[in-house]
>>> print(open('protein.txt').read())   # compact mmCIF, C-alpha atoms
# COMPACT_ATOMS: atom_id res chain seq x y z
CA MET A 150 0.00 0.00 0.00
CA LYS A 151 1.33 3.36 -1.03
CA ASN A 152 1.72 6.17 1.46
CA THR A 153 -1.07 8.12 -0.21
CA CYS A 154 -3.35 5.09 0.07
CA LYS A 155 -2.56 4.88 3.80
CA HIS A 156 -3.74 8.43 4.10
CA ILE A 157 -6.79 8.12 1.84
CA GLU A 158 -8.29 4.77 2.88
CA PRO A 159 -9.22 5.79 6.47
CA LEU A 160 -11.12 8.73 4.98
CA LEU A 161 -13.32 6.59 2.74
CA ASN A 162 -15.97 5.87 5.37
CA ASP A 163 -16.51 9.58 6.00
CA TYR A 164 -16.39 10.20 2.25
CA ILE A 165 -19.27 7.73 1.79
CA LEU A 166 -21.15 9.43 4.62
CA GLU A 167 -20.42 12.81 2.98
CA ARG A 168 -18.73 14.03 6.10
CA VAL A 169 -15.51 15.35 4.57
CA ASP A 170 -14.82 18.94 3.66
CA PRO A 171 -14.68 19.99 -0.04
CA SER A 172 -10.88 20.14 -0.23
CA THR A 173 -10.56 16.61 1.20
CA THR A 174 -13.26 15.44 -1.22
CA LEU A 175 -11.18 16.78 -4.11
CA GLU A 176 -8.08 15.11 -2.72
CA ILE A 177 -9.85 11.73 -2.34
CA GLU A 178 -11.41 11.89 -5.80
CA GLY A 179 -8.10 12.88 -7.35
CA HIS A 180 -6.50 9.83 -5.76
CA LEU A 181 -9.34 7.46 -6.64
CA ALA A 182 -9.08 8.42 -10.31
CA HIS A 183 -5.79 6.61 -10.65
CA CYS A 184 -5.73 4.10 -7.72
CA ASP A 185 -7.44 0.78 -8.31
CA THR A 186 -6.76 -0.46 -4.76
CA CYS A 187 -8.56 2.46 -3.13
CA SER A 188 -11.33 2.38 -5.74
CA LYS A 189 -11.94 -1.26 -4.85
CA ALA A 190 -11.87 -0.38 -1.15
CA LEU A 191 -14.41 2.39 -1.76
CA GLU A 192 -16.65 -0.04 -3.62
CA GLU A 193 -16.52 -2.55 -0.75
CA TYR A 194 -17.06 0.05 1.99
CA THR A 195 -20.02 1.39 0.03
CA PHE A 196 -21.41 -2.13 -0.24
CA LEU A 197 -21.09 -2.63 3.52
CA SER A 198 -22.61 0.77 4.24
CA ASN A 199 -25.63 -0.14 2.13
CA ALA A 200 -25.99 -3.49 3.87
CA PHE A 201 -25.85 -1.72 7.25
CA SER A 202 -28.42 0.84 6.25
CA LYS A 203 -30.79 -1.80 4.90
CA THR A 204 -30.85 -3.72 8.16
CA PRO A 205 -34.53 -3.69 9.12
CA GLU A 206 -35.49 -2.04 12.37
CA MET A 207 -37.10 -4.45 14.80
CA VAL A 208 -40.31 -3.47 16.53
CA PRO A 209 -39.96 -4.12 20.26
CA PRO A 210 -42.63 -6.33 21.84
CA GLN A 211 -45.60 -4.46 23.31
CA ALA A 212 -44.78 -5.91 26.70
CA LEU A 213 -41.76 -3.62 26.85
CA ALA A 214 -43.88 -0.47 27.06
CA GLN A 215 -46.33 -2.14 29.42
CA HIS A 216 -43.58 -3.22 31.80
CA PHE A 217 -42.07 0.22 31.65
CA GLU A 218 -45.39 1.83 32.59
CA ALA A 219 -45.93 -0.60 35.47
CA MET A 220 -42.39 -0.02 36.71
CA LEU A 221 -42.85 3.75 36.57
CA LEU A 222 -46.12 3.64 38.50
CA LYS A 223 -44.58 1.45 41.17
CA GLU A 224 -41.65 3.79 41.55
CA LYS A 225 -43.96 6.79 41.71
CA ALA A 226 -45.90 5.11 44.48
CA THR A 227 -42.78 4.63 46.55
CA GLN A 228 -41.89 8.24 45.88
CA GLU A 229 -44.94 9.43 47.84
CA PRO A 230 -44.11 10.60 51.37
CA VAL A 231 -43.89 7.69 53.78
CA ILE A 232 -46.80 7.62 56.17
CA SER A 233 -45.70 7.47 59.77
CA LEU A 234 -47.32 4.86 61.99
CA THR A 235 -48.39 7.32 64.66
CA ASN A 236 -50.69 9.38 62.50
CA SER A 237 -50.83 7.25 59.42
CA SER A 238 -54.58 7.11 59.12
CA TYR A 239 -55.10 10.73 58.24
CA THR A 240 -51.83 12.17 57.00
CA TRP A 241 -52.66 11.74 53.34
CA LYS A 242 -56.13 13.08 53.77
CA SER A 243 -54.99 16.34 55.27
CA ALA A 244 -52.63 16.87 52.37
CA LEU A 245 -55.08 15.89 49.74
CA ARG A 246 -58.44 17.07 50.70
CA ILE A 247 -58.97 20.50 52.01
CA ALA A 248 -62.56 20.11 51.02
CA ALA A 249 -62.73 16.79 52.84
CA GLY A 250 -64.38 18.23 55.91
CA ILE A 251 -67.52 19.06 54.01
CA ALA A 252 -67.47 15.80 52.13
CA LEU A 253 -66.94 13.75 55.29
CA ILE A 254 -69.87 15.40 57.03
CA ALA A 255 -71.94 14.78 53.93
CA THR A 256 -70.71 11.19 53.88
CA ALA A 257 -71.60 10.60 57.52
CA PHE A 258 -75.03 12.10 56.96
CA PHE A 259 -75.54 10.10 53.84
CA ILE A 260 -74.45 6.86 55.45
CA GLY A 261 -76.64 7.47 58.48
CA ASN A 262 -79.54 7.99 56.18
CA SER A 263 -78.81 5.20 53.81
CA LEU A 264 -78.18 2.57 56.48
CA GLN A 265 -81.84 2.77 57.31
CA LYS A 266 -82.76 1.98 53.76
CA THR A 267 -82.38 -1.20 51.87
CA THR A 268 -79.31 -1.08 49.74
CA GLY A 269 -78.84 -1.40 46.00
CA ASP A 270 -78.00 0.58 42.93
CA ASP A 271 -81.57 0.94 41.82
CA GLN A 272 -82.54 2.59 45.06
CA LEU A 273 -79.58 4.85 44.81
CA VAL A 274 -80.86 6.42 41.65
CA THR A 275 -84.47 6.63 42.70
CA THR A 276 -84.16 8.39 46.03
CA GLU A 277 -86.13 11.53 46.64
CA LYS A 278 -83.64 13.86 44.93
CA ARG A 279 -83.66 13.45 41.19
CA TYR A 280 -80.22 13.50 39.78
CA ASN A 281 -79.34 16.03 37.20
CA SER A 282 -78.08 13.93 34.29
CA LYS A 283 -76.46 16.91 32.57
CA GLU A 284 -74.33 17.71 35.59
CA GLN A 285 -73.38 14.09 36.00
CA LEU A 286 -72.43 13.83 32.36
CA ALA A 287 -70.27 16.95 32.77
CA SER A 288 -68.60 15.34 35.77
CA ILE A 289 -67.89 12.16 33.86
CA LEU A 290 -66.28 14.25 31.15
CA LEU A 291 -64.26 16.10 33.78
CA ILE A 292 -62.91 12.94 35.40
CA GLU A 293 -61.75 11.74 32.00
CA ASN A 294 -59.85 15.00 31.46
CA ARG A 295 -56.14 14.88 30.61
CA SER A 296 -55.27 17.12 33.52
CA ALA A 297 -54.96 15.25 36.83
CA SER A 298 -56.13 18.25 38.87
CA LYS A 299 -59.28 18.49 36.73
CA ARG A 300 -59.90 14.79 37.26
CA VAL A 301 -59.63 15.27 41.03
CA GLN A 302 -62.01 18.21 40.75
CA GLY A 303 -64.40 16.03 38.74
CA VAL A 304 -64.35 13.36 41.45
CA TYR A 305 -65.03 16.00 44.13
CA ASN A 306 -67.95 17.32 42.09
CA ILE A 307 -69.42 13.83 41.99
CA GLU A 308 -69.17 13.60 45.76
CA ASP A 309 -71.56 16.56 45.94
CA PHE A 310 -74.29 14.57 44.24
CA SER A 311 -76.61 12.91 46.65
CA GLU A 312 -77.31 10.13 44.20
CA VAL A 313 -75.52 8.87 41.13
CA ASN A 314 -76.18 6.56 38.24
CA SER A 315 -74.26 3.39 37.51
CA GLU A 316 -72.29 5.13 34.78
CA ILE A 317 -70.73 7.43 37.37
CA ILE A 318 -69.94 4.52 39.66
CA THR A 319 -68.22 2.74 36.76
CA ALA A 320 -66.24 5.89 35.91
CA LEU A 321 -65.14 6.22 39.56
CA ILE A 322 -64.06 2.59 39.67
CA LYS A 323 -62.01 3.14 36.53
CA ARG A 324 -60.31 6.16 38.13
CA MET A 325 -59.60 4.20 41.30
CA ASN A 326 -58.08 1.28 39.45
CA GLU A 327 -56.41 2.85 36.46
CA ASP A 328 -55.59 6.51 36.98
CA GLU A 329 -51.91 7.29 36.70
CA HIS A 330 -52.08 9.78 39.59
CA THR A 331 -52.31 8.60 43.17
CA ASN A 332 -54.30 11.70 44.12
CA VAL A 333 -57.02 10.91 41.61
CA ARG A 334 -57.15 7.30 42.77
CA LEU A 335 -57.45 8.41 46.40
CA ALA A 336 -60.24 10.86 45.58
CA ALA A 337 -62.05 8.09 43.67
CA VAL A 338 -61.71 5.68 46.61
CA GLU A 339 -63.18 8.32 48.89
CA ALA A 340 -66.04 8.99 46.50
CA LEU A 341 -66.81 5.29 46.17
CA GLY A 342 -66.85 5.16 49.95
CA LYS A 343 -69.49 7.83 49.91
CA PHE A 344 -71.64 5.77 47.58
CA TYR A 345 -71.13 2.67 49.65
CA THR A 346 -74.80 1.73 49.45
CA SER A 347 -74.10 0.78 45.85
CA GLU A 348 -73.29 -2.90 45.74
CA VAL A 349 -71.14 -2.26 42.66
CA ALA A 350 -69.08 0.37 44.50
CA ARG A 351 -68.74 -1.91 47.54
CA GLN A 352 -67.63 -4.89 45.50
CA ALA A 353 -65.16 -2.73 43.55
CA LEU A 354 -63.57 -1.52 46.80
CA ILE A 355 -63.26 -5.09 48.08
CA ASP A 356 -61.76 -6.25 44.78
CA ALA A 357 -59.38 -3.29 44.66
CA LEU A 358 -57.81 -4.24 47.96
CA ASN A 359 -55.59 -6.80 46.30
CA ARG A 360 -55.56 -5.20 42.91
CA GLN A 361 -54.00 -1.94 44.04
CA SER A 362 -50.26 -1.73 44.54
CA ILE A 363 -50.03 1.90 45.67
CA PRO A 364 -49.67 1.87 49.46
CA GLU A 365 -51.68 5.07 50.06
CA VAL A 366 -54.58 3.72 48.04
CA GLN A 367 -54.45 0.38 49.84
CA ILE A 368 -54.62 2.22 53.18
CA ALA A 369 -57.54 4.39 52.06
CA ILE A 370 -59.49 1.33 50.93
CA ILE A 371 -58.86 -0.73 54.06
CA GLN A 372 -59.98 2.19 56.21
CA ILE A 373 -63.25 2.55 54.35
CA LEU A 374 -63.91 -1.18 54.44
CA GLY A 375 -63.07 -1.18 58.16
CA ASN A 376 -65.43 1.74 58.83
CA PHE A 377 -68.25 -0.11 57.15
CA LYS A 378 -67.33 -3.36 58.89
CA GLU A 379 -67.29 -5.09 55.53
CA LYS A 380 -67.07 -8.80 56.39
CA ARG A 381 -66.40 -9.83 52.80
CA ALA A 382 -63.14 -7.88 52.96
CA ALA A 383 -61.66 -10.09 55.69
CA GLN A 384 -60.24 -12.64 53.26
CA PRO A 385 -58.67 -10.15 50.82
CA ALA A 386 -57.28 -8.21 53.79
CA GLN A 387 -55.70 -11.39 55.14
CA LYS A 388 -54.26 -12.02 51.68
CA LEU A 389 -52.71 -8.55 51.73
CA LEU A 390 -50.94 -9.42 54.98
CA ASP A 391 -49.40 -12.47 53.34
CA LYS A 392 -47.99 -10.53 50.42
CA GLU A 393 -44.28 -9.87 50.61
CA ASP A 394 -44.27 -6.69 48.55
CA VAL A 395 -46.84 -4.88 50.71
CA PRO A 396 -45.07 -2.29 52.88
CA ALA A 397 -45.11 -2.80 56.66
CA TYR A 398 -47.03 0.42 57.30
CA VAL A 399 -49.85 -0.79 55.05
CA LYS A 400 -49.92 -4.12 56.89
CA ASP A 401 -50.14 -2.22 60.19
CA GLN A 402 -53.25 -0.49 58.91
CA VAL A 403 -54.71 -3.79 57.75
CA ARG A 404 -54.10 -5.33 61.20
CA LEU A 405 -55.71 -2.28 62.77
CA GLN A 406 -58.86 -2.72 60.70
CA LEU A 407 -58.99 -6.51 60.71
CA PRO A 408 -61.06 -6.73 63.95
CA ASN A 409 -63.75 -4.65 62.19
CA LEU A 410 -63.86 -7.08 59.28
CA ILE A 411 -64.34 -10.37 61.14
CA MET B 202 -42.36 18.63 27.43
CA ASN B 203 -41.96 16.92 24.13
CA THR B 204 -39.92 19.85 22.84
CA HIS B 205 -37.41 19.57 25.68
CA THR B 206 -33.97 18.17 24.99
CA ASP B 207 -33.07 14.73 26.31
CA GLU B 208 -30.82 16.39 28.85
CA GLN B 209 -33.58 18.71 30.13
CA LEU B 210 -35.94 15.76 30.47
CA MET B 211 -33.38 13.65 32.30
CA ALA B 212 -32.54 16.53 34.65
CA ASP B 213 -36.25 16.73 35.36
CA VAL B 214 -36.35 12.99 36.10
CA ALA B 215 -33.31 13.35 38.36
CA ASP B 216 -35.26 16.06 40.24
CA GLY B 217 -37.96 13.52 40.94
CA ASN B 218 -40.41 14.22 38.12
CA LEU B 219 -40.71 10.64 36.92
CA ASP B 220 -43.35 11.48 34.31
CA SER B 221 -40.63 13.01 32.13
CA LEU B 222 -39.11 9.56 31.81
CA ARG B 223 -42.02 8.60 29.54
CA PHE B 224 -40.75 11.00 26.87
CA LEU B 225 -37.26 9.56 27.09
CA PHE B 226 -38.66 6.05 26.88
CA ASP B 227 -40.59 7.03 23.75
CA ARG B 228 -37.48 8.51 22.17
CA TYR B 229 -35.03 5.78 23.05
CA HIS B 230 -36.60 2.38 23.63
CA ARG B 231 -36.58 1.37 19.95
CA ARG B 232 -32.99 2.44 19.50
CA ILE B 233 -31.83 0.63 22.60
CA PHE B 234 -33.86 -2.47 21.76
CA ASN B 235 -32.41 -2.60 18.23
CA PHE B 236 -28.87 -1.99 19.43
CA VAL B 237 -29.14 -4.85 21.92
CA PHE B 238 -30.82 -7.07 19.32
CA GLN B 239 -28.00 -6.49 16.84
CA MET B 240 -25.50 -7.32 19.57
CA CYS B 241 -27.12 -10.49 20.87
CA GLY B 242 -29.54 -11.62 18.16
CA ASP B 243 -32.17 -12.68 20.68
CA ARG B 244 -35.50 -10.88 20.84
CA ASP B 245 -36.47 -11.94 24.37
CA LEU B 246 -33.07 -11.13 25.75
CA SER B 247 -33.17 -7.74 24.00
CA ASN B 248 -36.51 -7.08 25.65
CA ASP B 249 -35.10 -7.99 29.08
CA ILE B 250 -31.95 -5.93 28.70
CA THR B 251 -33.85 -2.88 27.37
CA GLN B 252 -36.26 -3.14 30.28
CA ASP B 253 -33.36 -3.31 32.68
CA VAL B 254 -31.73 -0.27 31.05
CA PHE B 255 -34.80 1.89 31.76
CA TYR B 256 -35.07 0.45 35.25
CA LYS B 257 -31.49 1.56 35.88
CA VAL B 258 -32.10 5.00 34.35
CA MET B 259 -35.01 5.39 36.78
CA LYS B 260 -33.31 3.93 39.84
CA TYR B 261 -30.00 5.70 39.39
CA ARG B 262 -31.55 8.95 38.17
CA SER B 263 -29.81 10.97 40.86
CA SER B 264 -26.43 9.85 39.52
CA TYR B 265 -27.12 11.64 36.21
CA LYS B 266 -24.86 14.67 36.29
CA GLY B 267 -26.00 16.51 33.20
CA GLY B 268 -23.82 15.03 30.44
CA GLN B 269 -25.16 13.88 27.09
CA PHE B 270 -28.13 11.67 27.81
CA ALA B 271 -27.53 9.45 24.75
CA SER B 272 -24.00 8.70 25.95
CA TRP B 273 -25.27 7.92 29.42
CA ILE B 274 -28.03 5.54 28.34
CA PHE B 275 -25.79 3.77 25.82
CA THR B 276 -23.15 3.33 28.51
CA ILE B 277 -25.77 1.72 30.74
CA THR B 278 -26.85 -0.47 27.82
CA ARG B 279 -23.30 -1.56 27.01
CA ASN B 280 -22.73 -2.46 30.64
CA GLY B 281 -25.93 -4.51 30.58
CA ILE B 282 -24.84 -6.37 27.45
CA ASN B 283 -21.32 -6.96 28.78
CA THR B 284 -22.66 -8.25 32.08
CA HIS B 285 -24.88 -10.65 30.18
CA PHE B 286 -22.05 -11.96 28.03
CA ARG B 287 -19.74 -12.22 31.04
CA THR B 288 -22.19 -14.10 33.22
CA GLN B 289 -23.80 -16.27 30.57
CA LYS B 290 -20.64 -16.98 28.63
CA THR B 291 -22.84 -17.34 25.58
CA ARG B 292 -21.80 -16.68 22.09
CA VAL B 293 -23.86 -14.49 19.86
CA GLU B 294 -26.53 -16.55 18.20
CA PRO B 295 -27.64 -16.00 14.64
CA LEU B 296 -30.26 -13.27 14.46
CA ASP B 297 -33.78 -14.50 14.94
CA ALA B 298 -35.20 -15.77 11.72
CA MET B 299 -37.85 -13.18 12.37
CA LEU B 300 -35.48 -10.43 11.33
CA TYR B 301 -35.65 -11.59 7.78
CA LYS B 302 -39.30 -12.54 7.87
CA ILE B 303 -40.41 -9.06 8.78
CA GLU B 304 -39.11 -7.69 5.53
CA ASP B 305 -41.48 -7.15 2.66
CA GLU B 306 -42.24 -10.31 0.85
CA ASP B 307 -41.11 -8.79 -2.42
CA ALA B 308 -37.84 -7.56 -0.93
CA ASP B 309 -34.90 -8.73 -2.97
CA THR B 310 -33.32 -11.99 -1.95
CA ASP B 311 -29.83 -10.56 -2.52
CA GLY B 312 -30.50 -7.88 0.09
CA LYS B 313 -31.55 -10.49 2.64
CA GLU B 314 -28.49 -12.56 1.86
CA ASN B 315 -26.21 -9.56 2.20
CA GLN B 316 -27.63 -8.82 5.62
CA ALA B 317 -27.26 -12.41 6.71
CA PHE B 318 -23.60 -12.34 5.57
CA LEU B 319 -23.12 -9.00 7.27
CA HIS B 320 -24.40 -10.35 10.56
CA HIS B 321 -22.26 -13.43 10.19
CA ALA B 322 -19.19 -11.26 9.56
CA LEU B 323 -20.05 -9.01 12.51
CA GLN B 324 -20.21 -12.03 14.77
CA GLN B 325 -16.62 -12.80 14.00
CA LEU B 326 -15.47 -9.45 15.33
CA ASP B 327 -14.76 -9.04 19.00
CA LEU B 328 -17.42 -7.40 21.18
CA GLU B 329 -15.72 -4.00 21.16
CA ASP B 330 -15.43 -3.79 17.36
CA ARG B 331 -18.92 -5.12 16.86
CA GLU B 332 -20.55 -2.63 19.19
CA ILE B 333 -18.78 0.36 17.69
CA LEU B 334 -19.89 -0.63 14.19
CA ILE B 335 -23.47 -1.27 15.24
CA MET B 336 -23.62 2.09 17.01
CA HIS B 337 -21.89 3.98 14.23
CA LYS B 338 -23.13 2.29 11.07
CA MET B 339 -26.54 0.97 12.09
CA GLN B 340 -27.58 3.52 14.68
CA GLY B 341 -25.90 6.44 12.94
CA ILE B 342 -24.18 7.65 16.09
CA ARG B 343 -21.60 10.31 15.26
CA TYR B 344 -17.99 10.28 16.43
CA GLU B 345 -18.47 12.91 19.19
CA GLU B 346 -21.31 10.94 20.72
CA LEU B 347 -19.40 7.66 20.27
CA GLY B 348 -16.48 9.25 22.09
CA GLY B 349 -18.82 10.17 24.93
CA ILE B 350 -20.20 6.65 25.14
CA LEU B 351 -16.79 4.99 24.99
CA ASP B 352 -15.17 7.63 27.18
CA ILE B 353 -12.56 8.50 24.57
CA THR B 354 -12.01 11.51 22.30
CA SER B 355 -14.00 11.81 19.08
CA GLY B 356 -10.72 11.38 17.15
CA ALA B 357 -10.04 8.11 18.95
CA ALA B 358 -13.63 6.99 18.29
CA LYS B 359 -13.16 7.72 14.59
CA ALA B 360 -9.93 5.71 14.51
CA LYS B 361 -11.54 2.79 16.35
CA ALA B 362 -14.55 2.82 14.01
CA TYR B 363 -12.26 2.79 11.00
CA ARG B 364 -10.18 -0.12 12.34
CA ALA B 365 -13.33 -2.11 13.11
CA LEU B 366 -14.75 -1.39 9.66
CA LYS B 367 -11.51 -2.43 8.05
CA LYS B 368 -11.57 -5.74 9.95
CA LEU B 369 -15.17 -6.27 8.90
CA ARG B 370 -14.31 -5.61 5.28
CA GLU B 371 -11.48 -8.11 5.46
CA ILE B 372 -13.76 -10.76 6.93
CA TYR B 373 -16.62 -10.03 4.57
CA PHE B 374 -14.58 -9.92 1.37
CA GLN B 375 -11.72 -12.11 2.62
CA THR B 376 -9.27 -9.48 1.46
CA SER B 377 -6.69 -9.65 4.24
>>> encode(input="protein.txt", output="structure tokens")
Amino acid sequence: MKNTCKHIEPLLNDYILERVDPSTTLEIEGHLAHCDTCSKALEEYTFLSNAFSKTPEMVPPQALAQHFEAMLLKEKATQEPVISLTNSSYTWKSALRIAAGIALIATAFFIGNSLQKTTGDDQLVTTEKRYNSKEQLASILLIENRSASKRVQGVYNIEDFSEVNSEIITALIKRMNEDEHTNVRLAAVEALGKFYTSEVARQALIDALNRQSIPEVQIAIIQILGNFKEKRAAQPAQKLLDKEDVPAYVKDQVRLQLPNLI
Amino acid sequence: MNTHTDEQLMADVADGNLDSLRFLFDRYHRRIFNFVFQMCGDRDLSNDITQDVFYKVMKYRSSYKGGQFASWIFTITRNGINTHFRTQKTRVEPLDAMLYKIEDEDADTDGKENQAFLHHALQQLDLEDREILIMHKMQGIRYEELGGILDITSGAAKAKAYRALKKLREIYFQTS
């Protein structure tokens, strides 16, 4: 190999990629015009470059994005402030729900009232106050909003209704189980607690106990189920205690409520 | 957020805003997956390693000190691949047959053959040469970025890429 070739050949890759300046381009082309060795090298590097560029891009399996999302949600849950054991039952509430006072009073009143009635979704929608379907539709739209704060607001609005239709209950369950923000999930749990006379809401809360992996949400659910002395929750609660990945402070809350469930 | 640079997004993640990681995942997961796939030729393993890369980005987010994000994530990926090869002591397997099946049915047979030969030739290079060629020639990573990933100057990256390409040419065309 001639000295000029030694200088030119290492430049051929960048020449193919058009990443050499005009004077170097002239120099390379001048050399190639009379050097068969470098011309052959250029031909082969070009061939390889084409083969590289034609390599098809693989589409990753869908599971990759799903796992990523699950991993992110789990990490976000652990990011939430740790609830201390001494005041664990209400720490998250105070942070989350400034309007909770009003809602809790309304809840207590509602429960007091509703406990005297037979339960069931049908009764829920046919109590003395007629529900305003337009407002409820607006609330459903709000809790499907892209903005998390609007979704929370939508859930709070729903809590102001004295009765709701099954569509609202379904929308709340979806928020509780699927929303990407813990705050929205917590607000939905609270709202479902308010509509506890609905068998669908009750069953969803019981089912969610083992379905949820966010500690704050687990605590909120177990507290509601404990308050209502929901016997059907005893088994899922026990199951939660057996799970290794459930944080100790959640298990403490479960143990605290367990006497109410059995 | 989608107009932010990778570095701005990662700084945001390092500050605790994990939602920004979604944008980085969208931008990078295909690249990382394909890089790993070209290195190991196994779709499931590529899925696992890519998953692990993003797990590490998330877990070690506070160790991100503001350098080029692409360099950082490729460094994590390379470490993941190297760990796999070190612990499994496996050789690179031929690319999944799937690679060639996914091409258009009317794609030219010569093209498929060339890629099969190319992969075969790449396998005969050592890990270091193979990865630099996959990053540079398949992923289109420029010398400056390559230098950042390999922790060398861009000039050294250019020289390494050339030497690896020369070896590949010799293997492919048997011109040594």
>>> interface_residues(input="protein.txt", of="chain A", to="chain B", cutoff="12 Å", atoms="all atoms listed in the file", output="ChimeraX atom specification")
/A:157-163,165-166,168,186,189-229,329-330
>>> residues_around(input="protein.txt", residues="Lys378 (chain A)", least_positions_apart="2", cutoff="9 Å", atoms="all atoms listed in the file", output="ChimeraX atom specification")
/A:373-376,380-382,406,408-411
>>> closest_residue(input="protein.txt", among="A:Ile322, A:Cys154, A:Ile370, A:Ala386", to="Ile292 (chain A)", atoms="only C-alpha atoms")
A:Ile322
>>> atom_distance(input="protein.txt", atom1="CA of Leu210 (chain B)", atom2="CA of Glu346 (chain B)")
18.2 Å
>>> atom_distance(input="protein.txt", atom1="CA of Gly242 (chain B)", atom2="CA of Phe224 (chain B)")
26.7 Å
>>> residues_around(input="protein.txt", residues="region 281-283 of chain B", least_positions_apart="2", cutoff="9 Å", atoms="all atoms listed in the file", output="PyMOL selection string")
chain B and resi 237+240-241+250-251+253-254+276-279+285-288+328
>>> atom_distance(input="protein.txt", atom1="CA of Phe275 (chain B)", atom2="CA of Val169 (chain A)")
26.3 Å
>>> closest_residue(input="protein.txt", among="B:Ile274, B:Ile372, B:Arg331, B:Gly268", to="Gln209 (chain B)", atoms="all atoms listed in the file")
B:Gly268
>>> residues_around(input="protein.txt", residues="Glu345 (chain B)", least_positions_apart="6", cutoff="9 Å", atoms="all atoms listed in the file", output="PyMOL selection string")
chain B and resi 354-356+358-359
